[in-house]
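Notes to accompany the following structure.
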Amino acid sequence: MADRILVTTDDLEHAVRINAALEAAGFDTAMVSSFDDVRQAVRGRGLPPDCIILSGGLHETPAEHLLASAHDHAISTLGLVEPTEADPKDLARELGLTAWLVKPVDPQDALTTTRRLIDRRKLQQRTGILGEAAPIQEVLVKIEQMAPVTSTVIIEGESGTGKELVAKAIHDLSPRRGKPFIAVNCAAIPDTLLESELFGHEKGAFTGAAERRLGRFELADAGSIFLDEVGDMPPATQVKVLRVLEDRTFFRVGGIQPIKVDVRVITATNRSLKDAVALGQFRDDLFYRLNVLAIYLPPLRERRSDIPLLVRRFIAEFAAQHDRKFKGITPEALQILVDADWPGNIRQLRNLIESMVVLAPEGEIRAADIPRDIRERGGGRGAGLPVLVPSTGRDVAGQEVQFILRSLVELKLQIEELRRRVEDRPAQRVEVIEVGGGAQGRLGSPSDLLDAEPGPEGPVIYRAGMTMADVERAAIEAALKETRGNRRKAAEVLGIGERTLYRKLKEYQLA
Ligand SMILES: Nc1ncnc2c1ncn2[C@@H]1O[C@H](COP(=O)(O)OP(=O)(O)OP(=O)(O)O)[C@@H](O)[C@H]1O
Ligand SMILES: [Mg+2]
């Protein structure tokens with residue numbers, strides 16, 4: 001079936017010529033007015049277009065509405081910009097255009113760009129990577145460029161931003177697709193086991209090595225190995241991985257025969273490896289070896305314009321999966337989700353939508369269905385900290401965890417407020433608000449976010465002199481206590497990934 005393109009008629013001359021070129025190239029095209037909403041434009045034909053070309057009027061309200069609607073339906077847009085426009089790139093970013101061309105536009109250039117956008121859309125369908133915002137479009141371009149070669153790739157980004165999804169996409173688009181993609185989470189495997197996990201071991205290499213076992217590098221031969229949380233790799237293993245990267249050979253633990261493999265290495269980390277190098281925790285020679293091609297995945301709060309699109313897709317996905325008739329989401333509820341902070345990024349949004357699709361009583365997500373923690377924050381203010389699972393209300397330990405986490409959120413908000421004040425008025429004196437230090441060391445709570453009081457025997461919440469790390473450690477301990485040491489549940493309660501929890505357990509020596 002031919003790809004569908006709509007061309008707006010604001011600049012009729014451009015529209016007619018481009019429409020003709022697209023038609024000649026075999027596209028299913030139609031000319032529409034900017035006043036046409038996407039839904040209106042496809043009425044009667046049933047299918048949404050693959051791309052919309054806005055021939056002019058970009059600064060006007062109808063074009064803005066059309067763009068917003070296209071954005072929410074994951075439809076690519078190409079804007080034709082007037083030559084008088086001072087900064088077309090900036091304008092495109094502001095309006096959320098997927099691509100732009102400066103007038104006068106040669107219809108053949110419009111055709112080439114449209115083809116590229118449609119290929120990108122197909123790439124998104126194939127990889128499951130959703131997002132229209134410029135940073136995600138840049139990530140897709142990088143994936144396209146990096147997939148065909150064998151150079152090492154490093155993917156950086158906070159937890160839940162899609163690092164594994166991107167790693168898999170690179171493999172699936174590379175000539176190595178069809179060959180193994182082997183993922184290893186360096187943070188989840190104890191240091192003592194990581195080496196034999198990666199390189200395998202010979203029979204009798206150590207107590208318990210009853211059989212020869214192939215390592216992940218060997219299993220990934222001809223394919224790709226994904227070293228997740230690579231920053232957590234212990235120094236001894238770093239040396240060995242460096243050697244594999246240098247000459248593609250290694251020894252099984254206890255082995256004397258060098259083993260040669262042809263493996264593409266893709267790594268990911270949710271902390272800056274550069275900082276780890278500066279702190280002496282990561283070898284700089286390995287860092288340079290890994291840092292050949294780099295992809296950075298921005299946190300969701302830095303690309304809020306993608307939230308409506310993600311929400312709609314996840315609702316459709318989970319409604320189908322759970323066989324629920326689901327109407328969608330009210331505008332008010334959607335706005336709350338757009339404004340929330342999403343410290344757990346797309347994973348957190350996705351999990352929340354799944355639970356709401358299952359639990360929302362009216363077959364529609366309304367504001368009241370959104371957990372209070374998410375409803376009460378928002379506006380992009382602050383907190384890179386876990387969002388909480390709603391408390392059952394009776395469970396005291398759960399309330400304590402909630403209390404600690406809410407306090408963390410408050411503390412973070414206050415610190416950010418202070419920083420903002422300093423940045424806004426650098427020349428003025430800044431009043432320093434002292435946080436905590438009261439009789440019980442409790443935080444002040446200006447926005448009255450705290451509704452759960454800790455019991456008299458409750459854990460330490462915050463005392464003057466405690467660092468963020470101390471508070472985080474206390475939160476993790478409390479969560480583990482509440483879940484009786486069940487790490488999966490503890491991670492869930494804390495609103496972080498299990499792997500992140502493992503990393504933190506190690507970091508705070510709680511493992
Ligand atoms: N751009 C995206 N479009 C659609 N789904 C996404 C996107 N990015 C992430 N996801 C989904 O979010 C969840 C988390 O993604 P993923 O596991 O790749 O994150 P991660 O960065 O590896 O997280 P962590 O650091 O915690 O391991 C997955 O269910 C994934 O499918
Ligand atoms: Mg991951």
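The chains in the structure tokens are called A, B, ... from first to last as shown; in each chain the residues are counted from 1, and the ligands are counted from 1 in the order shown.
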Open item on the list: For His59 of chain A, find every residue with an atom within 9 Å (counting only C-alpha atoms), except residues of its own chain fewer than 4 positions away, and show them as number ranges by chain.
Closed with: A: 63-64, 95
Open item on the list: Counting only C-alpha atoms and all ligand atoms, what are the residues, protein, DNA or RNA alike, that approach ligand 2 to within 9 Å? I want them as JSON, numbers by chain.
Closed with: {"A": [159, 160, 161, 162, 163, 164, 165, 185, 228, 229, 268, 269, 270, 497, 499]}
Preceding selection exported with C-alpha atoms as a compact mmCIF listing (two decimals), in the first residue's frame:
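Okay, this is what ended up in result28.txt:
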# COMPACT_ATOMS: atom_id res chain seq x y z
CA SER A 159 17.14 4.54 34.23
CA GLY A 160 14.11 3.72 32.08
CA THR A 161 15.01 5.99 29.16
CA GLY A 162 15.21 3.10 26.68
CA LYS A 163 18.90 2.14 26.63
CA GLU A 164 18.22 -1.55 26.16
CA LEU A 165 15.60 -0.82 23.51
CA ASN A 185 23.93 -6.77 33.37
CA ASP A 228 24.60 -3.10 30.58
CA GLU A 229 25.61 -0.93 33.55
CA ALA A 268 25.06 1.19 28.47
CA THR A 269 25.37 3.15 31.66
CA ASN A 270 23.08 5.31 33.71
CA GLY A 497 14.49 -0.47 38.38
CA ARG A 499 19.07 -3.19 38.46
What are the closest atom pairs, with distances in Å to one decimal, for each residue of segment 115-181 of chain A lying within 10 Å of segment 76-80 of chain A, using only C-alpha atoms, rows by chain and rising residue number, as JSON lines?
{"residue": "A:Leu117", "atom": "CA", "partner": "A:Ser76", "partner_atom": "CA", "distance": 6.6}
{"residue": "A:Ile118", "atom": "CA", "partner": "A:Ser76", "partner_atom": "CA", "distance": 7.7}
{"residue": "A:Arg120", "atom": "CA", "partner": "A:Ser76", "partner_atom": "CA", "distance": 9.0}
{"residue": "A:Arg121", "atom": "CA", "partner": "A:Ser76", "partner_atom": "CA", "distance": 7.4}
{"residue": "A:Glu132", "atom": "CA", "partner": "A:Ser76", "partner_atom": "CA", "distance": 7.6}
Closest atom pairs, chain A residues within 10 Å of ligand 1, only C-alpha atoms and all ligand atoms, as a Markdown table:
| residue | atom | partner | partner_atom_place_in_ligand_line | distance |
| --- | --- | --- | --- | --- |
| A:Gln124 | CA | ligand 1 | 3 (N) | 8.5 |
| A:Gln125 | CA | ligand 1 | 3 (N) | 9.9 |
| A:Thr127 | CA | ligand 1 | 3 (N) | 8.7 |
| A:Gly128 | CA | ligand 1 | 4 (C) | 5.6 |
| A:Ile129 | CA | ligand 1 | 3 (N) | 3.8 |
| A:Leu130 | CA | ligand 1 | 3 (N) | 3.6 |
| A:Gly131 | CA | ligand 1 | 1 (N) | 5.7 |
| A:Glu132 | CA | ligand 1 | 1 (N) | 9.3 |
| A:Ile136 | CA | ligand 1 | 1 (N) | 7.2 |
| A:Gln137 | CA | ligand 1 | 1 (N) | 9.9 |
| A:Val139 | CA | ligand 1 | 1 (N) | 9.6 |
| A:Leu140 | CA | ligand 1 | 1 (N) | 9.8 |
| A:Ile155 | CA | ligand 1 | 21 (O) | 8.7 |
| A:Glu156 | CA | ligand 1 | 21 (O) | 8.1 |
| A:Gly157 | CA | ligand 1 | 21 (O) | 6.2 |
| A:Glu158 | CA | ligand 1 | 25 (O) | 5.9 |
| A:Ser159 | CA | ligand 1 | 25 (O) | 3.4 |
| A:Gly160 | CA | ligand 1 | 23 (O) | 3.5 |
| A:Thr161 | CA | ligand 1 | 21 (O) | 4.1 |
| A:Gly162 | CA | ligand 1 | 18 (O) | 3.1 |
| A:Lys163 | CA | ligand 1 | 21 (O) | 3.7 |
| A:Glu164 | CA | ligand 1 | 18 (O) | 3.6 |
| A:Leu165 | CA | ligand 1 | 18 (O) | 4.1 |
| A:Val166 | CA | ligand 1 | 18 (O) | 6.7 |
| A:Ala167 | CA | ligand 1 | 18 (O) | 8.0 |
| A:Lys168 | CA | ligand 1 | 18 (O) | 8.7 |
| A:Asn185 | CA | ligand 1 | 27 (O) | 8.6 |
| A:Asp228 | CA | ligand 1 | 27 (O) | 7.3 |
| A:Glu229 | CA | ligand 1 | 25 (O) | 7.4 |
| A:Ala268 | CA | ligand 1 | 22 (O) | 7.6 |
| A:Thr269 | CA | ligand 1 | 25 (O) | 6.9 |
| A:Asn270 | CA | ligand 1 | 25 (O) | 5.6 |
| A:Arg271 | CA | ligand 1 | 25 (O) | 9.3 |
| A:Leu297 | CA | ligand 1 | 21 (O) | 8.0 |
| A:Pro298 | CA | ligand 1 | 21 (O) | 10.0 |
| A:Pro299 | CA | ligand 1 | 21 (O) | 9.5 |
| A:Leu300 | CA | ligand 1 | 8 (N) | 9.1 |
| A:Asp306 | CA | ligand 1 | 1 (N) | 9.1 |
| A:Leu309 | CA | ligand 1 | 3 (N) | 9.6 |
| A:Leu310 | CA | ligand 1 | 4 (C) | 6.9 |
| A:Val311 | CA | ligand 1 | 4 (C) | 9.9 |
| A:Arg313 | CA | ligand 1 | 4 (C) | 8.6 |
| A:Phe314 | CA | ligand 1 | 4 (C) | 8.4 |
| A:Gly344 | CA | ligand 1 | 26 (O) | 7.8 |
| A:Asn345 | CA | ligand 1 | 12 (O) | 7.6 |
| A:Ile346 | CA | ligand 1 | 12 (O) | 4.6 |
| A:Arg347 | CA | ligand 1 | 13 (C) | 3.9 |
| A:Gln348 | CA | ligand 1 | 12 (O) | 7.5 |
| A:Leu349 | CA | ligand 1 | 12 (O) | 8.0 |
| A:Arg350 | CA | ligand 1 | 12 (O) | 6.5 |
| A:Asn351 | CA | ligand 1 | 29 (O) | 8.2 |
| A:Ile496 | CA | ligand 1 | 26 (O) | 7.4 |
| A:Gly497 | CA | ligand 1 | 26 (O) | 4.9 |
| A:Glu498 | CA | ligand 1 | 26 (O) | 7.4 |
| A:Arg499 | CA | ligand 1 | 26 (O) | 6.3 |
| A:Thr500 | CA | ligand 1 | 26 (O) | 6.2 |
| A:Leu501 | CA | ligand 1 | 26 (O) | 9.4 |
Find the nearest atom pair between each residue of segment 231-350 of chain A and segment 210-225 of chain A for residues within 10 Å, count only C-alpha atoms, give distances in Å to one decimal, sort rows by chain and ascending number, and present the table as a Markdown table.
| residue | atom | partner | partner_atom | distance |
| --- | --- | --- | --- | --- |
| A:Val241 | CA | A:Phe217 | CA | 9.8 |
| A:Val244 | CA | A:Phe217 | CA | 9.1 |
| A:Arg248 | CA | A:Phe217 | CA | 9.7 |
| A:Thr249 | CA | A:Phe217 | CA | 9.7 |
| A:Phe250 | CA | A:Phe217 | CA | 9.1 |
| A:Arg252 | CA | A:Gly215 | CA | 7.6 |
| A:Val253 | CA | A:Gly215 | CA | 9.4 |
| A:Gly254 | CA | A:Arg212 | CA | 9.9 |
| A:Gly255 | CA | A:Arg212 | CA | 9.8 |
| A:Ile259 | CA | A:Glu218 | CA | 8.2 |
| A:Lys260 | CA | A:Glu218 | CA | 8.4 |
| A:Val261 | CA | A:Asp221 | CA | 5.5 |
| A:Asp262 | CA | A:Ala222 | CA | 5.2 |
| A:Val263 | CA | A:Ser224 | CA | 5.3 |
| A:Arg264 | CA | A:Ser224 | CA | 4.5 |
| A:Val265 | CA | A:Ile225 | CA | 5.2 |
| A:Ile266 | CA | A:Ile225 | CA | 6.2 |
| A:Thr267 | CA | A:Ile225 | CA | 8.2 |
Task: Nearest candidate to Met1 of chain A (options A:Ala110, A:Leu227, A:Leu47, A:Leu418; using only C-alpha atoms) - done: A:Leu47
Open item on the list: Could you list, as a ChimeraX atom specification, every residue within 12 Å of Ala236 of chain A, counting only C-alpha atoms and ignoring same-chain residues fewer than 4 positions away?
Closed with: /A:191-195,232,240-243,281-283,286
TODO: From segment 230-411 of chain A, collect each residue whose DSSP state is strand (DSSP E) and return the set as a list in words.
DONE: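 Selection result, strand (DSSP E) within segment 230-411 of chain A: Thr249, Phe250, Ile259, Lys260, Arg264, Val265, Ile266, Thr267, Ala268, Thr269, Leu293, Ala294, Ile295, Tyr296, Leu297, Gly328, Ile329, Glu364 and Ile365 of chain A.
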Generate the output file for the selected residues, C-alpha atoms, as a PDB file, in the first residue's frame.
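Output file out31.pdb follows:
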ATOM      1  CA  THR A 249      40.720 -12.823  22.071  1.00  0.00           C
ATOM      2  CA  PHE A 250      40.367 -14.005  25.648  1.00  0.00           C
ATOM      3  CA  ILE A 259      39.624 -17.982  22.143  1.00  0.00           C
ATOM      4  CA  LYS A 260      38.896 -15.696  19.238  1.00  0.00           C
ATOM      5  CA  ARG A 264      30.152  -6.225  18.344  1.00  0.00           C
ATOM      6  CA  VAL A 265      30.166  -4.560  21.748  1.00  0.00           C
ATOM      7  CA  ILE A 266      27.319  -2.273  22.805  1.00  0.00           C
ATOM      8  CA  THR A 267      27.425  -0.834  26.303  1.00  0.00           C
ATOM      9  CA  ALA A 268      25.060   1.189  28.471  1.00  0.00           C
ATOM     10  CA  THR A 269      25.373   3.149  31.657  1.00  0.00           C
ATOM     11  CA  LEU A 293      30.193   6.018  19.097  1.00  0.00           C
ATOM     12  CA  ALA A 294      27.983   7.573  21.757  1.00  0.00           C
ATOM     13  CA  ILE A 295      24.228   7.947  22.105  1.00  0.00           C
ATOM     14  CA  TYR A 296      22.637   9.985  24.878  1.00  0.00           C
ATOM     15  CA  LEU A 297      19.030   9.317  25.810  1.00  0.00           C
ATOM     16  CA  GLY A 328      -8.764   6.771  26.645  1.00  0.00           C
ATOM     17  CA  ILE A 329      -7.794   9.591  28.954  1.00  0.00           C
ATOM     18  CA  GLU A 364     -11.159   5.900  31.006  1.00  0.00           C
ATOM     19  CA  ILE A 365      -8.238   7.432  32.870  1.00  0.00           C
TER      20      ILE A 365
END
- [ ] Run DSSP on the backbone and give me the residues of segment 244-367 of chain A it puts in helix (DSSP H, G or I), as an MDAnalysis selection string.
- [x] chainID A and resid 244:247 273:278 284:290 300:302 304:321 331:339 345:359 367
Open item on the list: List as a PyMOL selection string the protein and nucleic acid residues near segment 99-107 of chain A, meaning an atom at most 10 Å away when only C-alpha atoms are counted, but skip any in the same chain fewer than 2 places from it.
Closed with: chain A and resi 14-22+53-56+76-85+88-89+91-93+96-97+109-114+116-117+134+137
Open item on the list: Please list as a list in words every residue within 12 Å of segment 322-326 of chain A, counting only C-alpha atoms and excluding residues in the same chain fewer than 4 positions away.
Closed with: Arg312, Phe314, Ile315, Ala316, Glu317, Phe318, Thr330, Ile353, Glu354, Ser355, Met356, Val357, Val358, Leu359, Ala360, Pro361, Glu362, Gly363, Glu364, Ile365 and Arg366 of chain A
Produce a file of the selected residues containing N, CA, C and O atoms, as a PDB file, in the first residue's frame.
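Written output follows (result-v5.pdb):
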ATOM      1  N   ARG A 312      -1.018   7.657  24.816  1.00  0.00           N
ATOM      2  CA  ARG A 312      -2.025   7.059  23.918  1.00  0.00           C
ATOM      3  C   ARG A 312      -1.586   5.681  23.438  1.00  0.00           C
ATOM      4  O   ARG A 312      -2.371   4.747  23.399  1.00  0.00           O
ATOM      5  N   PHE A 314       0.528   3.582  24.889  1.00  0.00           N
ATOM      6  CA  PHE A 314       0.539   2.594  25.962  1.00  0.00           C
ATOM      7  C   PHE A 314      -0.894   2.193  26.341  1.00  0.00           C
ATOM      8  O   PHE A 314      -1.169   1.026  26.630  1.00  0.00           O
ATOM      9  N   ILE A 315      -1.813   3.174  26.321  1.00  0.00           N
ATOM     10  CA  ILE A 315      -3.207   2.833  26.636  1.00  0.00           C
ATOM     11  C   ILE A 315      -3.713   1.812  25.606  1.00  0.00           C
ATOM     12  O   ILE A 315      -4.282   0.780  25.961  1.00  0.00           O
ATOM     13  N   ALA A 316      -3.464   2.101  24.334  1.00  0.00           N
ATOM     14  CA  ALA A 316      -3.952   1.188  23.284  1.00  0.00           C
ATOM     15  C   ALA A 316      -3.328  -0.196  23.461  1.00  0.00           C
ATOM     16  O   ALA A 316      -4.008  -1.223  23.382  1.00  0.00           O
ATOM     17  N   GLU A 317      -2.031  -0.213  23.745  1.00  0.00           N
ATOM     18  CA  GLU A 317      -1.327  -1.489  23.884  1.00  0.00           C
ATOM     19  C   GLU A 317      -1.897  -2.315  25.049  1.00  0.00           C
ATOM     20  O   GLU A 317      -2.204  -3.492  24.894  1.00  0.00           O
ATOM     21  N   PHE A 318      -2.044  -1.659  26.218  1.00  0.00           N
ATOM     22  CA  PHE A 318      -2.476  -2.425  27.384  1.00  0.00           C
ATOM     23  C   PHE A 318      -3.966  -2.741  27.344  1.00  0.00           C
ATOM     24  O   PHE A 318      -4.399  -3.763  27.876  1.00  0.00           O
ATOM     25  N   THR A 330      -8.829  11.554  29.948  1.00  0.00           N
ATOM     26  CA  THR A 330      -9.424  12.904  29.882  1.00  0.00           C
ATOM     27  C   THR A 330      -8.299  13.927  29.692  1.00  0.00           C
ATOM     28  O   THR A 330      -7.150  13.678  30.105  1.00  0.00           O
ATOM     29  N   ILE A 353       0.657   3.448  33.316  1.00  0.00           N
ATOM     30  CA  ILE A 353      -0.471   3.342  32.381  1.00  0.00           C
ATOM     31  C   ILE A 353      -1.042   1.922  32.437  1.00  0.00           C
ATOM     32  O   ILE A 353      -2.253   1.743  32.455  1.00  0.00           O
ATOM     33  N   GLU A 354      -0.182   0.940  32.530  1.00  0.00           N
ATOM     34  CA  GLU A 354      -0.709  -0.429  32.592  1.00  0.00           C
ATOM     35  C   GLU A 354      -1.605  -0.587  33.819  1.00  0.00           C
ATOM     36  O   GLU A 354      -2.717  -1.087  33.714  1.00  0.00           O
ATOM     37  N   SER A 355      -1.127  -0.097  34.968  1.00  0.00           N
ATOM     38  CA  SER A 355      -1.946  -0.289  36.169  1.00  0.00           C
ATOM     39  C   SER A 355      -3.244   0.500  36.055  1.00  0.00           C
ATOM     40  O   SER A 355      -4.302   0.024  36.467  1.00  0.00           O
ATOM     41  N   MET A 356      -3.187   1.674  35.440  1.00  0.00           N
ATOM     42  CA  MET A 356      -4.423   2.456  35.348  1.00  0.00           C
ATOM     43  C   MET A 356      -5.399   1.838  34.346  1.00  0.00           C
ATOM     44  O   MET A 356      -6.604   1.885  34.545  1.00  0.00           O
ATOM     45  N   VAL A 357      -4.883   1.275  33.286  1.00  0.00           N
ATOM     46  CA  VAL A 357      -5.768   0.626  32.302  1.00  0.00           C
ATOM     47  C   VAL A 357      -6.495  -0.554  32.967  1.00  0.00           C
ATOM     48  O   VAL A 357      -7.667  -0.791  32.732  1.00  0.00           O
ATOM     49  N   VAL A 358      -5.774  -1.250  33.849  1.00  0.00           N
ATOM     50  CA  VAL A 358      -6.398  -2.393  34.522  1.00  0.00           C
ATOM     51  C   VAL A 358      -7.371  -1.931  35.604  1.00  0.00           C
ATOM     52  O   VAL A 358      -8.444  -2.486  35.777  1.00  0.00           O
ATOM     53  N   LEU A 359      -6.999  -0.843  36.298  1.00  0.00           N
ATOM     54  CA  LEU A 359      -7.762  -0.471  37.497  1.00  0.00           C
ATOM     55  C   LEU A 359      -8.795   0.632  37.294  1.00  0.00           C
ATOM     56  O   LEU A 359      -9.734   0.729  38.078  1.00  0.00           O
ATOM     57  N   ALA A 360      -8.627   1.495  36.294  1.00  0.00           N
ATOM     58  CA  ALA A 360      -9.545   2.638  36.163  1.00  0.00           C
ATOM     59  C   ALA A 360     -10.974   2.129  35.999  1.00  0.00           C
ATOM     60  O   ALA A 360     -11.269   1.360  35.085  1.00  0.00           O
ATOM     61  N   PRO A 361     -11.866   2.546  36.908  1.00  0.00           N
ATOM     62  CA  PRO A 361     -13.195   1.942  36.943  1.00  0.00           C
ATOM     63  C   PRO A 361     -14.062   2.278  35.731  1.00  0.00           C
ATOM     64  O   PRO A 361     -14.899   1.484  35.339  1.00  0.00           O
ATOM     65  N   GLU A 362     -13.883   3.439  35.139  1.00  0.00           N
ATOM     66  CA  GLU A 362     -14.810   3.873  34.090  1.00  0.00           C
ATOM     67  C   GLU A 362     -14.325   3.557  32.678  1.00  0.00           C
ATOM     68  O   GLU A 362     -14.858   4.093  31.719  1.00  0.00           O
ATOM     69  N   GLY A 363     -13.304   2.772  32.561  1.00  0.00           N
ATOM     70  CA  GLY A 363     -12.786   2.507  31.220  1.00  0.00           C
ATOM     71  C   GLY A 363     -12.173   3.741  30.614  1.00  0.00           C
ATOM     72  O   GLY A 363     -12.079   3.897  29.396  1.00  0.00           O
ATOM     73  N   GLU A 364     -11.769   4.653  31.472  1.00  0.00           N
ATOM     74  CA  GLU A 364     -11.159   5.900  31.006  1.00  0.00           C
ATOM     75  C   GLU A 364     -10.279   6.399  32.146  1.00  0.00           C
ATOM     76  O   GLU A 364     -10.675   6.304  33.310  1.00  0.00           O
ATOM     77  N   ILE A 365      -9.097   6.912  31.804  1.00  0.00           N
ATOM     78  CA  ILE A 365      -8.238   7.432  32.870  1.00  0.00           C
ATOM     79  C   ILE A 365      -8.665   8.862  33.169  1.00  0.00           C
ATOM     80  O   ILE A 365      -8.670   9.719  32.275  1.00  0.00           O
ATOM     81  N   ARG A 366      -9.067   9.070  34.413  1.00  0.00           N
ATOM     82  CA  ARG A 366      -9.413  10.434  34.822  1.00  0.00           C
ATOM     83  C   ARG A 366      -8.418  10.892  35.875  1.00  0.00           C
ATOM     84  O   ARG A 366      -7.707  10.071  36.460  1.00  0.00           O
TER      85      ARG A 366
END
TODO: Just give me the gap between atom CA of Asp90 of chain A and atom CA of Ala169 of chain A in Å, one decimal is fine.
DONE: 28.8 Å
